[in-house]
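What follows is the content of entry29.cif (mmCIF, C-alpha atoms).
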data_work
#
loop_
_atom_site.group_PDB
_atom_site.id
_atom_site.type_symbol
_atom_site.label_atom_id
_atom_site.label_comp_id
_atom_site.auth_asym_id
_atom_site.auth_seq_id
_atom_site.Cartn_x
_atom_site.Cartn_y
_atom_site.Cartn_z
ATOM 1 C CA MET A 908 25.642 -67.097 -8.215
ATOM 2 C CA ARG A 909 22.971 -65.400 -10.271
ATOM 3 C CA LYS A 910 19.818 -63.648 -9.176
ATOM 4 C CA TYR A 911 16.474 -65.152 -10.223
ATOM 5 C CA GLU A 912 12.810 -64.432 -9.711
ATOM 6 C CA LEU A 913 10.985 -67.607 -8.775
ATOM 7 C CA MET A 914 7.198 -67.398 -9.072
ATOM 8 C CA THR A 915 5.538 -70.261 -7.231
ATOM 9 C CA ILE A 916 1.902 -71.344 -6.977
ATOM 10 C CA TYR A 917 0.610 -73.467 -4.091
ATOM 11 C CA PRO A 918 -2.826 -74.861 -3.177
ATOM 12 C CA VAL A 919 -4.944 -72.315 -1.272
ATOM 13 C CA GLU A 920 -5.357 -74.517 1.810
ATOM 14 C CA ASP A 921 -3.094 -73.140 4.567
ATOM 15 C CA ASP A 922 -1.514 -76.454 5.559
ATOM 16 C CA LYS A 923 -0.761 -77.436 1.954
ATOM 17 C CA SER A 924 0.640 -74.034 0.990
ATOM 18 C CA LYS A 925 2.866 -73.933 4.090
ATOM 19 C CA ALA A 926 4.102 -77.481 3.386
ATOM 20 C CA GLY A 927 4.810 -76.538 -0.225
ATOM 21 C CA LEU A 928 6.718 -73.406 0.756
ATOM 22 C CA GLU A 929 8.782 -75.326 3.309
ATOM 23 C CA ALA A 930 9.597 -77.936 0.649
ATOM 24 C CA VAL A 931 10.697 -75.193 -1.774
ATOM 25 C CA ARG A 932 12.885 -73.547 0.893
ATOM 26 C CA SER A 933 14.394 -76.930 1.744
ATOM 27 C CA VAL A 934 15.250 -77.741 -1.879
ATOM 28 C CA LEU A 935 16.780 -74.303 -2.442
ATOM 29 C CA THR A 936 19.013 -74.520 0.632
ATOM 30 C CA GLN A 937 19.933 -78.120 -0.220
ATOM 31 C CA PHE A 938 21.421 -76.881 -3.501
ATOM 32 C CA GLY A 939 23.123 -73.816 -1.999
ATOM 33 C CA ALA A 940 20.631 -71.161 -3.086
ATOM 34 C CA THR A 941 19.652 -68.278 -0.831
ATOM 35 C CA ILE A 942 16.324 -66.449 -0.667
ATOM 36 C CA GLU A 943 16.675 -62.658 -0.661
ATOM 37 C CA LYS A 944 13.028 -61.679 -0.591
ATOM 38 C CA GLU A 945 9.533 -63.207 -0.454
ATOM 39 C CA GLU A 946 6.474 -61.354 -1.705
ATOM 40 C CA SER A 947 2.949 -62.749 -1.513
ATOM 41 C CA TYR A 948 0.532 -62.078 -4.372
ATOM 42 C CA GLY A 949 -2.392 -63.680 -2.555
ATOM 43 C CA ASP A 950 -4.960 -66.203 -3.754
ATOM 44 C CA ARG A 951 -6.033 -65.988 -7.391
ATOM 45 C CA ASP A 952 -8.042 -67.945 -9.913
ATOM 46 C CA LEU A 953 -5.937 -70.074 -12.245
ATOM 47 C CA THR A 954 -6.429 -69.760 -15.997
ATOM 48 C CA TYR A 955 -6.728 -73.521 -16.262
ATOM 49 C CA GLU A 956 -7.002 -76.341 -13.744
ATOM 50 C CA VAL A 957 -3.645 -77.535 -12.361
ATOM 51 C CA LYS A 958 -3.522 -80.786 -10.359
ATOM 52 C CA LYS A 959 -7.318 -80.538 -9.913
ATOM 53 C CA GLN A 960 -7.029 -77.031 -8.405
ATOM 54 C CA LYS A 961 -8.900 -73.983 -9.764
ATOM 55 C CA ARG A 962 -7.323 -71.435 -7.393
ATOM 56 C CA GLY A 963 -3.771 -70.981 -6.234
ATOM 57 C CA ARG A 964 -1.699 -69.040 -3.713
ATOM 58 C CA PHE A 965 0.998 -67.053 -5.533
ATOM 59 C CA LEU A 966 4.364 -66.238 -3.975
ATOM 60 C CA LEU A 967 7.323 -64.488 -5.620
ATOM 61 C CA LEU A 968 10.811 -65.332 -4.342
ATOM 62 C CA ILE A 969 14.008 -63.478 -5.219
ATOM 63 C CA VAL A 970 16.702 -66.158 -5.168
ATOM 64 C CA ASN A 971 20.479 -66.262 -5.567
ATOM 65 C CA ALA A 972 21.420 -69.609 -7.101
ATOM 66 C CA ASN A 973 24.178 -71.340 -9.006
ATOM 67 C CA PRO A 974 23.011 -71.686 -12.645
ATOM 68 C CA ALA A 975 24.509 -75.192 -12.842
ATOM 69 C CA LYS A 976 22.211 -76.335 -10.006
ATOM 70 C CA LEU A 977 18.949 -75.162 -11.625
ATOM 71 C CA VAL A 978 18.439 -78.498 -13.403
ATOM 72 C CA ASP A 979 18.710 -80.338 -10.077
ATOM 73 C CA ILE A 980 16.392 -77.834 -8.372
ATOM 74 C CA ASP A 981 13.899 -78.214 -11.222
ATOM 75 C CA ARG A 982 13.987 -81.997 -10.888
ATOM 76 C CA GLN A 983 13.239 -81.782 -7.153
ATOM 77 C CA PHE A 984 10.441 -79.226 -7.651
ATOM 78 C CA LYS A 985 8.702 -81.616 -10.060
ATOM 79 C CA LEU A 986 8.551 -84.176 -7.235
ATOM 80 C CA THR A 987 7.054 -81.718 -4.722
ATOM 81 C CA ASP A 988 3.362 -82.480 -4.129
ATOM 82 C CA ASN A 989 2.183 -79.125 -2.778
ATOM 83 C CA LEU A 990 3.814 -77.009 -5.494
ATOM 84 C CA LEU A 991 1.370 -76.532 -8.365
ATOM 85 C CA LYS A 992 3.542 -74.475 -10.743
ATOM 86 C CA TYR A 993 6.809 -72.526 -10.703
ATOM 87 C CA LEU A 994 8.890 -70.424 -13.060
ATOM 88 C CA PHE A 995 12.493 -69.231 -12.839
ATOM 89 C CA VAL A 996 13.317 -65.927 -14.557
ATOM 90 C CA LYS A 997 16.914 -64.665 -14.638
ATOM 91 C CA LEU A 998 17.227 -61.061 -13.465
ATOM 92 C CA GLU A 999 19.573 -58.780 -15.374
ATOM 93 C CA ASP A 1000 22.527 -57.290 -13.534
ATOM 94 C CA GLU A 1001 22.033 -53.695 -12.440
ATOM 95 C CA LYS A 1002 25.508 -52.859 -13.790
ATOM 96 C CA SER A 1003 24.504 -53.664 -17.398
ATOM 97 C CA ASN A 1004 21.568 -51.144 -17.410
#
Could you spell out this file's structure in structure tokens?
Amino acid sequence: MRKYELMTIYPVEDDKSKAGLEAVRSVLTQFGATIEKEESYGDRDLTYEVKKQKRGRFLLLIVNANPAKLVDIDRQFKLTDNLLKYLFVKLEDEKSN
């Protein structure tokens, strides 16, 4: 298991953002990943329009996941309607610093 930052962007409507977050949590648990921390960055303007949306609700998740499962997680995220954008970033181990 490796630690990743997962930045996610949802539509600003409450029902759509909650549905998107639940879908993300479901996919992560389906593939054995665990969420360590969730941090909201609020609603912000998007640089460019994504799925006909000009604003998005940003949420940062710290996730422990198997690197071999990231391709499957990515495939499922692409099928999620209420998830506008996402990005996985591998966190460096604290031991190596």
At a cut-off of 6 Å, using all atoms listed in the file, what residues contact range 932-945 of chain A? Leave out same-chain residues fewer than 5 positions from it and give the result as a compact mmCIF listing (two decimals) with C-alpha atoms, in the coordinates of the input.
# COMPACT_ATOMS: atom_id res chain seq x y z
CA LEU A 967 7.32 -64.49 -5.62
CA LEU A 968 10.81 -65.33 -4.34
CA ILE A 969 14.01 -63.48 -5.22
CA VAL A 970 16.70 -66.16 -5.17
CA ASN A 971 20.48 -66.26 -5.57
CA ALA A 972 21.42 -69.61 -7.10
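Note that CA of Leu977 in chain A and CA of Asp1000 in chain A are 18.3 Å apart.
With all atoms listed in the file taken into account, the protein and nucleic acid residues at most 6 Å from Leu953 in chain A (excluding it and anything under 2 positions from it in its own chain) are Tyr955, Lys961 and Arg962 of chain A.
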Got time to write the residues from that selection, C-alpha atoms, as a PDB file, in the coordinates of the input?
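And here is the file that came out, out-v7.pdb:
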ATOM      1  CA  TYR A 955      -6.728 -73.521 -16.262  1.00  0.00           C
ATOM      2  CA  LYS A 961      -8.900 -73.983  -9.764  1.00  0.00           C
ATOM      3  CA  ARG A 962      -7.323 -71.435  -7.393  1.00  0.00           C
TER       4      ARG A 962
END
Interatomic distance between CA of Leu913 in chain A and CA of Val931 in chain A? 10.3 Å
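Between Leu966 in chain A and the residues A:Ser947, A:Leu991, A:Pro918, A:Leu986, the shortest atom-to-atom distance, using all atoms listed in the file, involves A:Ser947.
Reported to one decimal place, the separation of CA of Arg909 in chain A from CA of Lys997 in chain A is 7.5 Å.
Comparing A:Val919, A:Met914, A:Ile980, A:Ala975 by their smallest distance to Glu946 in chain A, the closest is A:Met914 (using only C-alpha atoms).
If you count only C-alpha atoms and ignore residues fewer than 4 places along the chain from Ala930 in chain A, what sits within 9 Å of it is Lys925, Ala926, Val934, Leu935, Phe984, Thr987, Asn989 and Leu990 of chain A.
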